[in-house]
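Undergrad: As input, take upload_18.tsv (TSV, C-alpha atoms and all ligand atoms):
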chain	number	residue	atom	x	y	z
L	1	MET	CA	-19.19	94.54	-43.13
L	2	SER	CA	-18.62	92.86	-39.80
L	3	ASP	CA	-18.14	89.15	-39.50
L	4	HIS	CA	-20.59	89.32	-36.59
L	5	ALA	CA	-23.60	91.06	-38.13
L	6	PRO	CA	-26.88	89.97	-36.58
L	7	VAL	CA	-28.61	87.36	-38.67
L	8	ASP	CA	-32.29	86.64	-38.13
L	9	THR	CA	-32.41	82.88	-38.21
L	10	GLY	CA	-35.34	82.36	-35.83
L	11	THR	CA	-33.29	80.37	-33.36
L	12	GLY	CA	-34.50	80.07	-29.79
L	13	TYR	CA	-31.68	82.19	-28.42
L	14	GLY	CA	-32.47	85.50	-26.73
L	15	ARG	CA	-36.24	85.43	-27.04
L	16	PRO	CA	-38.26	87.54	-24.59
L	17	ARG	CA	-39.27	86.21	-21.22
L	18	PRO	CA	-42.67	84.54	-21.71
L	19	THR	CA	-45.79	85.78	-19.90
L	20	PHE	CA	-49.37	84.65	-19.44
L	21	MET	CA	-52.69	86.48	-19.14
L	22	ARG	CA	-52.92	86.84	-15.38
L	23	GLU	CA	-56.38	88.44	-15.50
L	24	LEU	CA	-57.96	85.43	-17.18
L	25	THR	CA	-56.11	82.57	-15.55
L	26	LEU	CA	-55.48	83.18	-11.83
L	27	VAL	CA	-58.33	82.17	-9.54
L	28	GLY	CA	-57.30	83.13	-6.00
L	29	PRO	CA	-59.18	85.63	-3.83
L	30	GLY	CA	-58.68	89.21	-4.99
L	31	THR	CA	-57.56	88.35	-8.53
L	32	PRO	CA	-59.81	89.60	-11.38
L	33	MET	CA	-60.84	86.11	-12.53
L	34	GLY	CA	-60.98	84.83	-8.96
L	35	GLU	CA	-63.47	87.57	-8.13
L	36	LEU	CA	-65.49	86.89	-11.31
L	37	LEU	CA	-65.68	83.16	-10.52
L	38	ARG	CA	-66.76	84.01	-6.97
L	39	ARG	CA	-69.95	85.60	-8.33
L	40	TYR	CA	-71.28	82.16	-9.36
L	41	TRP	CA	-72.20	78.88	-7.67
L	42	HIS	CA	-69.74	76.03	-8.30
L	43	PRO	CA	-70.09	72.32	-7.63
L	44	VAL	CA	-67.52	71.29	-5.02
L	45	GLY	CA	-68.51	67.67	-4.56
L	46	LEU	CA	-71.04	64.93	-5.11
L	47	VAL	CA	-73.86	64.95	-2.58
L	48	GLY	CA	-72.26	61.87	-0.99
L	49	ASP	CA	-68.96	63.73	-0.42
L	50	ALA	CA	-70.71	65.77	2.27
L	51	GLY	CA	-70.81	63.12	4.97
L	52	GLU	CA	-69.74	62.24	8.49
L	53	THR	CA	-66.12	61.92	7.39
L	54	PRO	CA	-64.74	65.41	6.67
L	55	THR	CA	-63.58	65.80	3.05
L	56	ALA	CA	-60.59	68.07	2.34
L	57	LEU	CA	-61.14	70.20	-0.75
L	58	ARG	CA	-59.23	72.80	-2.70
L	59	VAL	CA	-61.45	75.24	-4.55
L	60	LEU	CA	-60.36	78.46	-6.30
L	61	GLY	CA	-57.08	78.31	-4.41
L	62	GLU	CA	-58.72	77.96	-0.97
L	63	ASP	CA	-58.35	74.95	1.32
L	64	LEU	CA	-61.76	73.91	2.62
L	65	VAL	CA	-63.45	71.08	4.50
L	66	LEU	CA	-66.81	69.67	3.45
L	67	PHE	CA	-68.94	67.70	5.92
L	68	ARG	CA	-72.53	66.99	6.93
L	69	ASP	CA	-73.63	67.30	10.51
L	70	ARG	CA	-75.62	64.45	12.05
L	71	ARG	CA	-78.79	66.45	11.56
L	72	GLY	CA	-78.18	66.22	7.79
L	73	ARG	CA	-77.06	69.78	7.09
L	74	PRO	CA	-74.05	70.09	4.71
L	75	GLY	CA	-71.30	72.47	5.76
L	76	LEU	CA	-68.28	74.00	4.03
L	77	VAL	CA	-65.69	75.76	6.18
L	78	THR	CA	-62.13	76.90	5.62
L	79	ALA	CA	-59.73	74.14	6.60
L	80	ARG	CA	-57.65	76.26	8.98
L	81	CYS	CA	-59.24	76.27	12.45
L	82	ALA	CA	-60.10	79.74	13.73
L	83	HIS	CA	-58.39	78.93	17.05
L	84	ARG	CA	-54.78	78.13	16.25
L	85	GLY	CA	-54.90	76.87	12.74
L	86	THR	CA	-54.81	73.11	12.53
L	87	THR	CA	-56.90	71.63	9.76
L	88	LEU	CA	-60.48	70.67	10.39
L	89	HIS	CA	-59.88	67.77	8.03
L	90	TYR	CA	-58.92	65.92	11.23
L	91	GLY	CA	-62.11	67.11	12.91
L	92	ARG	CA	-65.00	64.99	14.08
L	93	VAL	CA	-68.52	65.44	12.83
L	94	GLU	CA	-71.22	65.64	15.50
L	95	ASP	CA	-74.91	66.45	15.73
L	96	ARG	CA	-74.41	70.19	15.68
L	97	GLY	CA	-71.31	70.61	13.54
L	98	ILE	CA	-67.62	69.76	13.30
L	99	ARG	CA	-65.24	69.59	16.28
L	100	CYS	CA	-61.57	70.47	15.87
L	101	CYS	CA	-59.17	67.69	16.89
L	102	TYR	CA	-56.71	70.01	18.65
L	103	HIS	CA	-58.60	71.82	21.46
L	104	GLY	CA	-62.11	70.70	20.67
L	105	TRP	CA	-63.79	73.85	19.46
L	106	LEU	CA	-67.14	72.94	17.91
L	107	PHE	CA	-68.35	74.86	14.84
L	108	ASP	CA	-71.76	74.63	13.20
L	109	VAL	CA	-72.33	74.56	9.41
L	110	GLU	CA	-72.25	78.36	9.35
L	111	GLY	CA	-69.02	78.54	11.34
L	112	ARG	CA	-70.53	79.63	14.66
L	113	CYS	CA	-68.39	78.51	17.59
L	114	LEU	CA	-70.69	76.53	19.88
L	115	GLU	CA	-68.21	75.05	22.37
L	116	GLN	CA	-64.69	75.74	23.71
L	117	PRO	CA	-64.16	72.86	26.11
L	118	CYS	CA	-60.74	74.06	27.40
L	119	GLU	CA	-62.09	77.44	28.49
L	120	PRO	CA	-63.56	78.16	31.95
L	121	ASP	CA	-67.34	78.14	31.76
L	122	GLY	CA	-67.19	76.75	28.20
L	123	GLY	CA	-65.75	80.00	26.79
L	124	PRO	CA	-68.13	82.91	27.36
L	125	GLN	CA	-66.48	84.78	24.44
L	126	ARG	CA	-67.03	81.94	21.99
L	127	GLY	CA	-69.91	83.76	20.30
L	128	ARG	CA	-67.37	86.28	18.98
L	129	MET	CA	-65.33	83.66	17.12
L	130	ARG	CA	-66.37	82.50	13.68
L	131	GLN	CA	-64.89	79.84	11.47
L	132	PRO	CA	-65.01	81.21	7.89
L	133	TRP	CA	-67.69	79.30	5.98
L	134	TYR	CA	-69.51	79.34	2.64
L	135	PRO	CA	-73.16	78.70	1.76
L	136	LEU	CA	-74.08	75.42	0.08
L	137	GLN	CA	-77.01	74.08	-1.91
L	138	GLU	CA	-77.60	70.57	-3.17
L	139	ARG	CA	-79.05	69.91	-6.62
L	140	TYR	CA	-78.66	67.44	-9.49
L	141	GLY	CA	-76.65	65.11	-7.20
L	142	LEU	CA	-74.02	67.82	-6.61
L	143	VAL	CA	-73.17	70.14	-3.73
L	144	PHE	CA	-72.83	73.73	-4.95
L	145	ALA	CA	-70.93	76.42	-3.03
L	146	TYR	CA	-71.05	80.20	-3.28
L	147	MET	CA	-67.74	81.76	-2.28
L	148	GLY	CA	-68.41	85.37	-3.27
L	149	PRO	CA	-69.68	88.53	-1.58
L	150	PRO	CA	-72.83	87.62	0.39
L	151	ALA	CA	-74.72	90.67	-0.90
L	152	ARG	CA	-74.26	89.52	-4.52
L	153	LYS	CA	-75.24	85.87	-4.00
L	154	PRO	CA	-77.27	84.86	-7.07
L	155	VAL	CA	-79.91	82.18	-7.39
L	156	LEU	CA	-78.49	78.70	-8.07
L	157	PRO	CA	-79.52	78.26	-11.72
L	158	ARG	CA	-81.73	75.49	-13.00
L	159	TYR	CA	-81.05	74.08	-16.45
L	160	GLU	CA	-83.77	73.01	-18.81
L	161	ILE	CA	-81.92	69.89	-20.01
L	162	LEU	CA	-81.75	68.62	-16.41
L	163	GLU	CA	-85.31	69.63	-15.53
L	164	THR	CA	-87.21	67.97	-18.39
L	165	LEU	CA	-86.56	64.24	-18.47
L	166	GLU	CA	-87.70	61.91	-21.26
L	167	PRO	CA	-89.48	58.69	-20.27
L	168	GLY	CA	-86.97	56.18	-18.88
L	169	GLU	CA	-84.35	58.81	-18.04
L	170	PHE	CA	-83.01	59.76	-14.61
L	171	LEU	CA	-80.38	62.20	-13.39
L	172	GLU	CA	-76.83	61.14	-12.63
L	173	ALA	CA	-73.84	63.11	-11.34
L	174	ASP	CA	-70.18	62.28	-11.90
L	175	ASP	CA	-66.91	63.69	-10.57
L	176	ARG	CA	-64.34	61.96	-12.78
L	177	SER	CA	-63.67	64.89	-15.11
L	178	VAL	CA	-65.39	63.27	-18.05
L	179	GLY	CA	-64.32	65.21	-21.14
L	180	GLY	CA	-60.93	66.09	-19.67
L	181	GLY	CA	-59.31	63.11	-21.36
L	182	GLY	CA	-57.42	61.98	-18.25
L	183	PRO	CA	-57.65	61.57	-14.48
L	184	ALA	CA	-60.11	63.35	-12.19
L	185	VAL	CA	-57.65	66.10	-11.27
L	186	ILE	CA	-55.94	67.63	-14.29
L	187	PRO	CA	-52.67	69.47	-13.60
L	188	CYS	CA	-52.93	72.62	-15.69
L	189	ASN	CA	-54.76	75.93	-15.64
L	190	TRP	CA	-58.53	75.60	-16.04
L	191	LEU	CA	-58.67	78.02	-19.00
L	192	GLN	CA	-56.60	75.67	-21.16
L	193	HIS	CA	-59.46	73.21	-20.93
L	194	TYR	CA	-62.26	75.74	-20.99
L	195	GLU	CA	-61.17	77.60	-24.13
L	196	ASN	CA	-60.61	74.23	-25.79
L	197	LEU	CA	-64.40	73.83	-25.87
L	198	MET	CA	-64.45	76.36	-28.70
L	199	ASP	CA	-61.27	74.98	-30.34
L	200	THR	CA	-63.53	73.06	-32.66
L	201	LEU	CA	-60.96	72.30	-35.33
L	202	HIS	CA	-58.68	70.27	-33.09
L	203	VAL	CA	-61.30	67.49	-33.17
L	204	PRO	CA	-60.55	66.05	-36.63
L	205	ILE	CA	-56.80	66.36	-35.99
L	206	LEU	CA	-56.14	65.29	-32.39
L	207	HIS	CA	-59.14	62.97	-32.04
L	208	GLY	CA	-59.79	62.13	-35.69
L	209	SER	CA	-56.47	61.39	-37.31
L	210	PHE	CA	-53.58	61.77	-34.89
L	211	SER	CA	-54.97	59.48	-32.21
L	212	GLY	CA	-58.11	58.54	-33.93
L	213	PRO	CA	-60.69	57.89	-34.48
L	214	GLN	CA	-61.17	58.46	-30.73
L	215	PHE	CA	-64.83	59.25	-31.33
L	216	THR	CA	-67.03	58.12	-34.21
L	217	ALA	CA	-65.99	58.22	-37.87
L	218	PRO	CA	-68.09	61.32	-38.74
L	219	MET	CA	-66.30	63.31	-36.01
L	220	GLY	CA	-63.08	62.71	-37.94
L	221	LEU	CA	-64.39	64.68	-40.95
L	222	MET	CA	-63.22	68.28	-41.27
L	223	PRO	CA	-66.23	70.45	-40.37
L	224	GLU	CA	-67.34	73.87	-41.50
L	225	VAL	CA	-67.39	75.90	-38.31
L	226	THR	CA	-68.90	79.19	-37.21
L	227	TRP	CA	-68.45	80.74	-33.78
L	228	GLU	CA	-70.78	83.32	-32.30
L	229	PRO	CA	-71.12	85.16	-29.02
L	230	THR	CA	-74.37	84.36	-27.21
L	231	ASP	CA	-76.05	85.97	-24.24
L	232	ARG	CA	-74.69	83.05	-22.18
L	233	GLY	CA	-71.16	82.87	-23.61
L	234	VAL	CA	-69.99	81.45	-26.93
L	235	LYS	CA	-71.36	78.80	-29.26
L	236	ALA	CA	-69.75	76.81	-32.05
L	237	THR	CA	-71.72	75.31	-34.91
L	238	SER	CA	-69.97	72.65	-36.94
L	239	ASP	CA	-71.39	70.99	-40.01
L	240	ARG	CA	-70.01	67.75	-41.42
L	241	ARG	CA	-71.28	66.43	-44.74
L	242	LEU	CA	-71.85	62.70	-44.35
L	243	PRO	CA	-71.35	60.18	-47.18
L	244	ASP	CA	-75.13	59.93	-47.77
L	245	GLY	CA	-75.38	63.69	-48.37
L	246	THR	CA	-77.00	64.55	-45.04
L	247	VAL	CA	-75.26	66.85	-42.61
L	248	LEU	CA	-74.24	66.32	-38.98
L	249	HIS	CA	-75.13	69.69	-37.48
L	250	ARG	CA	-73.47	69.98	-34.11
L	251	ILE	CA	-73.84	72.88	-31.68
L	252	SER	CA	-71.59	73.21	-28.63
L	253	GLU	CA	-71.74	75.97	-26.03
L	254	ALA	CA	-69.36	77.49	-23.53
L	255	VAL	CA	-71.72	78.97	-20.96
L	256	LEU	CA	-69.73	81.41	-18.88
L	257	PRO	CA	-67.87	81.24	-16.71
L	258	THR	CA	-67.20	77.48	-16.48
L	259	LEU	CA	-70.04	75.44	-17.98
L	260	ARG	CA	-69.28	73.00	-20.78
L	261	VAL	CA	-72.39	72.20	-22.79
L	262	ILE	CA	-70.96	69.71	-25.23
L	263	PRO	CA	-73.02	67.09	-27.06
L	264	ASN	CA	-71.79	63.54	-26.84
L	265	PRO	CA	-68.84	63.29	-29.30
L	266	ARG	CA	-69.77	59.68	-29.91
L	267	VAL	CA	-73.01	60.90	-31.44
L	268	ALA	CA	-75.01	58.11	-29.85
L	269	GLN	CA	-78.21	59.78	-30.98
L	270	TYR	CA	-79.32	62.90	-32.75
L	271	ALA	CA	-80.82	64.95	-29.97
L	272	ARG	CA	-80.37	67.87	-27.61
L	273	VAL	CA	-77.40	67.72	-25.29
L	274	GLU	CA	-77.78	65.22	-22.42
L	275	THR	CA	-75.10	66.33	-19.95
L	276	ILE	CA	-73.45	69.49	-18.76
L	277	GLY	CA	-70.09	69.81	-17.07
L	278	TRP	CA	-68.76	72.41	-14.65
L	279	VAL	CA	-65.03	73.08	-14.88
L	280	LEU	CA	-63.90	73.74	-11.32
L	281	PRO	CA	-60.51	75.44	-10.90
L	282	LEU	CA	-58.96	73.89	-7.79
L	283	ASP	CA	-56.13	76.40	-7.92
L	284	ASP	CA	-54.12	78.19	-10.61
L	285	THR	CA	-52.58	75.00	-11.97
L	286	SER	CA	-55.23	72.30	-11.55
L	287	PHE	CA	-58.91	71.77	-12.18
L	288	ARG	CA	-61.53	69.06	-12.27
L	289	ILE	CA	-64.88	68.64	-13.99
L	290	TYR	CA	-68.20	67.76	-12.37
L	291	THR	CA	-70.90	66.49	-14.69
L	292	ALA	CA	-74.65	66.03	-14.38
L	293	GLY	CA	-76.89	64.56	-17.01
L	294	ARG	CA	-79.92	62.60	-18.08
L	295	VAL	CA	-79.10	58.91	-18.41
L	296	ARG	CA	-80.85	55.58	-18.92
L	297	GLU	CA	-78.28	53.35	-17.20
L	298	PRO	CA	-76.29	53.93	-14.00
L	299	GLY	CA	-72.69	54.81	-14.86
L	300	GLU	CA	-73.58	56.07	-18.32
L	301	ILE	CA	-71.77	59.40	-17.92
L	302	ALA	CA	-68.44	57.81	-17.04
L	303	SER	CA	-68.88	55.21	-19.77
L	304	VAL	CA	-68.01	57.84	-22.40
L	305	ARG	CA	-64.50	58.27	-20.95
L	306	SER	CA	-62.10	57.68	-23.81
L	307	ARG	CA	-60.45	54.33	-24.17
L	308	LEU	CA	-57.55	53.14	-26.23
L	309	HIS	CA	-57.48	49.41	-27.06
L	310	GLY	CA	-60.06	49.03	-24.29
L	311	LYS	CA	-57.83	50.70	-21.71
L	312	LEU	CA	-58.74	53.80	-19.72
L	313	TRP	CA	-56.29	56.71	-19.56
L	314	GLU	CA	-54.81	55.62	-16.23
L	315	GLU	CA	-54.16	52.13	-17.58
L	316	LEU	CA	-52.08	53.30	-20.55
L	317	THR	CA	-48.30	52.96	-20.60
L	318	PRO	CA	-46.10	56.06	-21.02
L	319	ALA	CA	-45.42	54.94	-24.59
L	320	GLU	CA	-49.16	54.75	-25.32
L	321	HIS	CA	-49.68	58.24	-23.85
L	322	ARG	CA	-46.95	59.50	-26.17
L	323	ASP	CA	-48.18	57.69	-29.24
L	324	PHE	CA	-51.91	58.38	-28.74
L	325	PRO	CA	-52.28	61.82	-27.16
L	326	GLY	CA	-55.75	63.11	-26.28
L	327	ASP	CA	-57.14	66.23	-24.65
L	328	TYR	CA	-55.23	65.64	-21.42
L	329	GLU	CA	-51.88	65.35	-23.20
L	330	ALA	CA	-52.53	68.33	-25.49
L	331	GLN	CA	-53.70	70.66	-22.72
L	332	VAL	CA	-51.35	69.62	-19.92
L	333	GLY	CA	-48.68	69.70	-22.64
L	334	GLN	CA	-49.21	73.47	-22.88
L	335	GLY	CA	-47.65	73.77	-19.41
L	336	PRO	CA	-49.07	74.51	-15.93
L	337	ILE	CA	-50.23	77.91	-17.23
L	338	THR	CA	-49.68	78.36	-20.95
L	339	PHE	CA	-47.55	81.29	-22.14
L	340	HIS	CA	-49.95	83.46	-24.11
L	341	SER	CA	-47.10	85.73	-25.19
L	342	GLU	CA	-45.66	82.89	-27.23
L	343	GLU	CA	-48.86	82.00	-29.08
L	344	ASN	CA	-49.57	82.72	-32.74
L	345	LEU	CA	-53.34	82.75	-33.08
L	346	VAL	CA	-54.77	82.20	-36.57
L	347	SER	CA	-58.23	82.22	-38.12
L	348	SER	CA	-59.15	78.76	-36.82
L	349	ASP	CA	-58.55	80.07	-33.27
L	350	ARG	CA	-61.46	82.50	-33.50
L	351	GLY	CA	-63.51	80.47	-31.03
L	352	VAL	CA	-60.69	80.46	-28.49
L	353	ALA	CA	-60.24	84.21	-28.92
L	354	LEU	CA	-63.98	84.69	-28.47
L	355	VAL	CA	-64.03	82.75	-25.17
L	356	ARG	CA	-61.20	84.92	-23.86
L	357	ARG	CA	-62.91	88.11	-25.04
L	358	ARG	CA	-66.26	87.14	-23.46
L	359	LEU	CA	-64.50	86.31	-20.17
L	360	GLN	CA	-62.57	89.58	-20.29
L	361	GLN	CA	-65.86	91.45	-20.83
L	362	GLN	CA	-67.21	89.92	-17.62
L	363	VAL	CA	-64.04	90.81	-15.70
L	364	ASP	CA	-64.47	94.37	-17.00
L	365	ALA	CA	-68.16	94.40	-16.04
L	366	LEU	CA	-67.21	93.53	-12.47
L	367	ALA	CA	-64.55	96.26	-12.40
L	368	GLU	CA	-67.25	98.73	-13.50
L	369	GLY	CA	-69.59	97.60	-10.73
L	370	ARG	CA	-71.96	95.61	-12.97
L	371	ASP	CA	-73.06	92.02	-12.61
L	372	PRO	CA	-71.57	89.53	-15.10
L	373	ILE	CA	-73.73	87.53	-17.52
L	374	GLY	CA	-75.57	84.47	-16.31
L	375	VAL	CA	-76.20	85.60	-12.75
L	376	SER	CA	-79.83	85.95	-11.74
L	377	PHE	CA	-81.38	87.15	-8.51
L	378	ASP	CA	-84.87	86.04	-9.53
L	379	SER	CA	-85.79	82.79	-7.83
L	380	ALA	CA	-88.80	82.46	-10.16
L	381	ALA	CA	-86.65	82.66	-13.33
L	382	PRO	CA	-87.34	79.81	-15.77
L	383	PRO	CA	-84.66	77.12	-16.28
L	384	VAL	CA	-81.78	78.13	-18.54
L	385	PRO	CA	-82.25	76.73	-22.08
L	386	PHE	CA	-79.40	75.54	-24.31
L	387	GLU	CA	-79.12	75.15	-28.07
L	388	ALA	CA	-76.44	72.45	-27.95
L	389	GLY	CA	-76.98	69.06	-29.53
L	390	ASN	CA	-76.19	66.74	-32.43
L	391	PHE	CA	-78.73	67.09	-35.21
L	392	LEU	CA	-79.09	65.45	-38.60
L	393	ILE	CA	-80.21	67.86	-41.33
L	394	GLU	CA	-80.52	67.79	-45.10
L	395	ARG	CA	-78.12	70.69	-45.68
L	396	PRO	CA	-76.39	73.29	-43.51
L	397	PRO	CA	-78.41	76.48	-42.93
L	398	HIS	CA	-75.60	78.62	-44.41
L	399	ALA	CA	-75.24	76.55	-47.60
L	400	PRO	CA	-76.00	78.39	-50.86
M	501	LIG	S1	-56.63	74.67	16.72
M	501	LIG	FE1	-58.69	74.07	16.53
M	501	LIG	S2	-59.45	74.08	18.54
M	501	LIG	FE2	-57.39	74.74	18.76
M	502	FE	FE	-60.78	67.47	-27.53
Now, as a test, write the supplied structure out as structure tokens.
Ligand code: FES
Ligand SMILES: [Fe+2]
TA:
Amino acid sequence: MSDHAPVDTGTGYGRPRPTFMRELTLVGPGTPMGELLRRYWHPVGLVGDAGETPTALRVLGEDLVLFRDRRGRPGLVTARCAHRGTTLHYGRVEDRGIRCCYHGWLFDVEGRCLEQPCEPDGGPQRGRMRQPWYPLQERYGLVFAYMGPPARKPVLPRYEILETLEPGEFLEADDRSVGGGGPAVIPCNWLQHYENLMDTLHVPILHGSFSGPQFTAPMGLMPEVTWEPTDRGVKATSDRRLPDGTVLHRISEAVLPTLRVIPNPRVAQYARVETIGWVLPLDDTSFRIYTAGRVREPGEIASVRSRLHGKLWEELTPAEHRDFPGDYEAQVGQGPITFHSEENLVSSDRGVALVRRRLQQQVDALAEGRDPIGVSFDSAAPPVPFEAGNFLIERPPHAP
């Protein structure tokens, strides 16, 4: 027997080069997920972000400029000027569109070139130039963009929970990535956050005991969880038996491809979900969350941002971030794009696996020439209903 026989000790030496699921993570034009995401409308700003000062945006890996002409029409164009490529972020907004700072070409909200002041006779060929642009619609306090094939542009969906207000409620929109556990722009791949919506069992650990209770005491109890595919995506049902024998029956939904329909984790009231969030991939390694919801006080959406000792995430010291990790730390801690080849999924990861499978099914549908779930071309379709909410019941429906 050799002195140098291989011994399997599980050390880190010589392990295979790690890889990630490119199909589900990358969002640029021409990638499978990038093309899937481009079949839906996405919020790209608050209504107020479309104004007379051009706003530079990054969305799905594309650099864009959002503005509003002086006639009130919002416009979204690629940042790189169709003439010789400087950014329209330095442009000037006018009555009829945005004017590039370099040679003064004027583009309207649909990218038509209206003026070329350096050309003889104002540029007789200008009608042949077009600044790439994307359609916009404003709703729920947000500006939504459609960046996909024009022939497949769906209707911008309406959502029942934002269409039927209770007395005293009004709609509010927020762009601070509420639910992300950190700053507005979160530096990791969007899927790490999105699949976390169905990672129901991290709640009693990360938020309940490790850094907890970050939410309310009942949320720290270990729930009984079931995950199911729905015709909109995936839902998780978690039941927590409370000390008085009643049950906190909580339903959360991941509505594909990017909607987070998560009841308030602070369980302020037992009721249907009040807010929805759109996870917007800015590029492959960063995302942000736009939220719209029914509120009773201005600023209510942002008021649920997590606090430690009264301090917001950005006010914490490095030591506090280390000692009291939350969603931001856990998900950014997985790396810019997590290495799926190094994961070891177990039974409590069924919800995460289901989100990935449902997304993969939509990528496959597109490859087969079908439309993915959740797109509608019927402008008379009723608002989309959700099941999500926090409910108090006598006993869980699946109890013996
Ligand atoms: S680069 Fe924009 S007008 Fe010349
Ligand atoms: Fe969490």
Undergrad: Excluding same-chain residues fewer than 4 positions from segment 327-336 of chain L, what lies within 10 Å of it counting all atoms listed in the file, as an NGL selection string?
TA: :L and (179-183 or 186-193 or 196 or 202-203 or 206-207 or 284-286 or 306 or 313 or 321-322)
Undergrad: Could you check how far atom CA of Ser348 of chain L sits from atom CA of Glu387 of chain L, in Å to one decimal?
TA: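 Separation between atom CA of Ser348 of chain L and atom CA of Glu387 of chain L: 22.1 Å.
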Undergrad: So which one's closest to Leu46 of chain L, L:Gln137, L:Thr237, L:Ser303, L:Asn390? Using only C-alpha atoms, please.
TA: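 Once distances to Leu46 of chain L are computed over only C-alpha atoms, the minimum belongs to L:Gln137.
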Undergrad: Record the distance separating atom CA of Val27 of chain L and atom CA of Ala82 of chain L, expressed in Å with one decimal.
TA: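 Taking atom CA of Val27 of chain L as the start and atom CA of Ala82 of chain L as the end point, the length is 23.5 Å.
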Undergrad: From the set L:Val375, L:Val247, L:Ala302, L:Val7, which residue has the shortest atom-to-atom contact distance to Lys153 of chain L, counting all atoms listed in the file?
TA: L:Val375
Undergrad: Atom CA of Leu162 of chain L to atom CA of Pro382 of chain L: how many Å, to one decimal?
TA: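 Atom CA of Pro382 of chain L lies at a distance of 12.5 Å from atom CA of Leu162 of chain L.
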Undergrad: Rank L:Trp41, L:Phe215, L:Phe170, L:Phe287 by their smallest atom-to-atom distance to ligand FE 502 (chain M), using only C-alpha atoms and all ligand atoms, and report the top residue only.
TA: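 The shortest atom-to-atom distance to ligand FE 502 (chain M) comes from L:Phe215.
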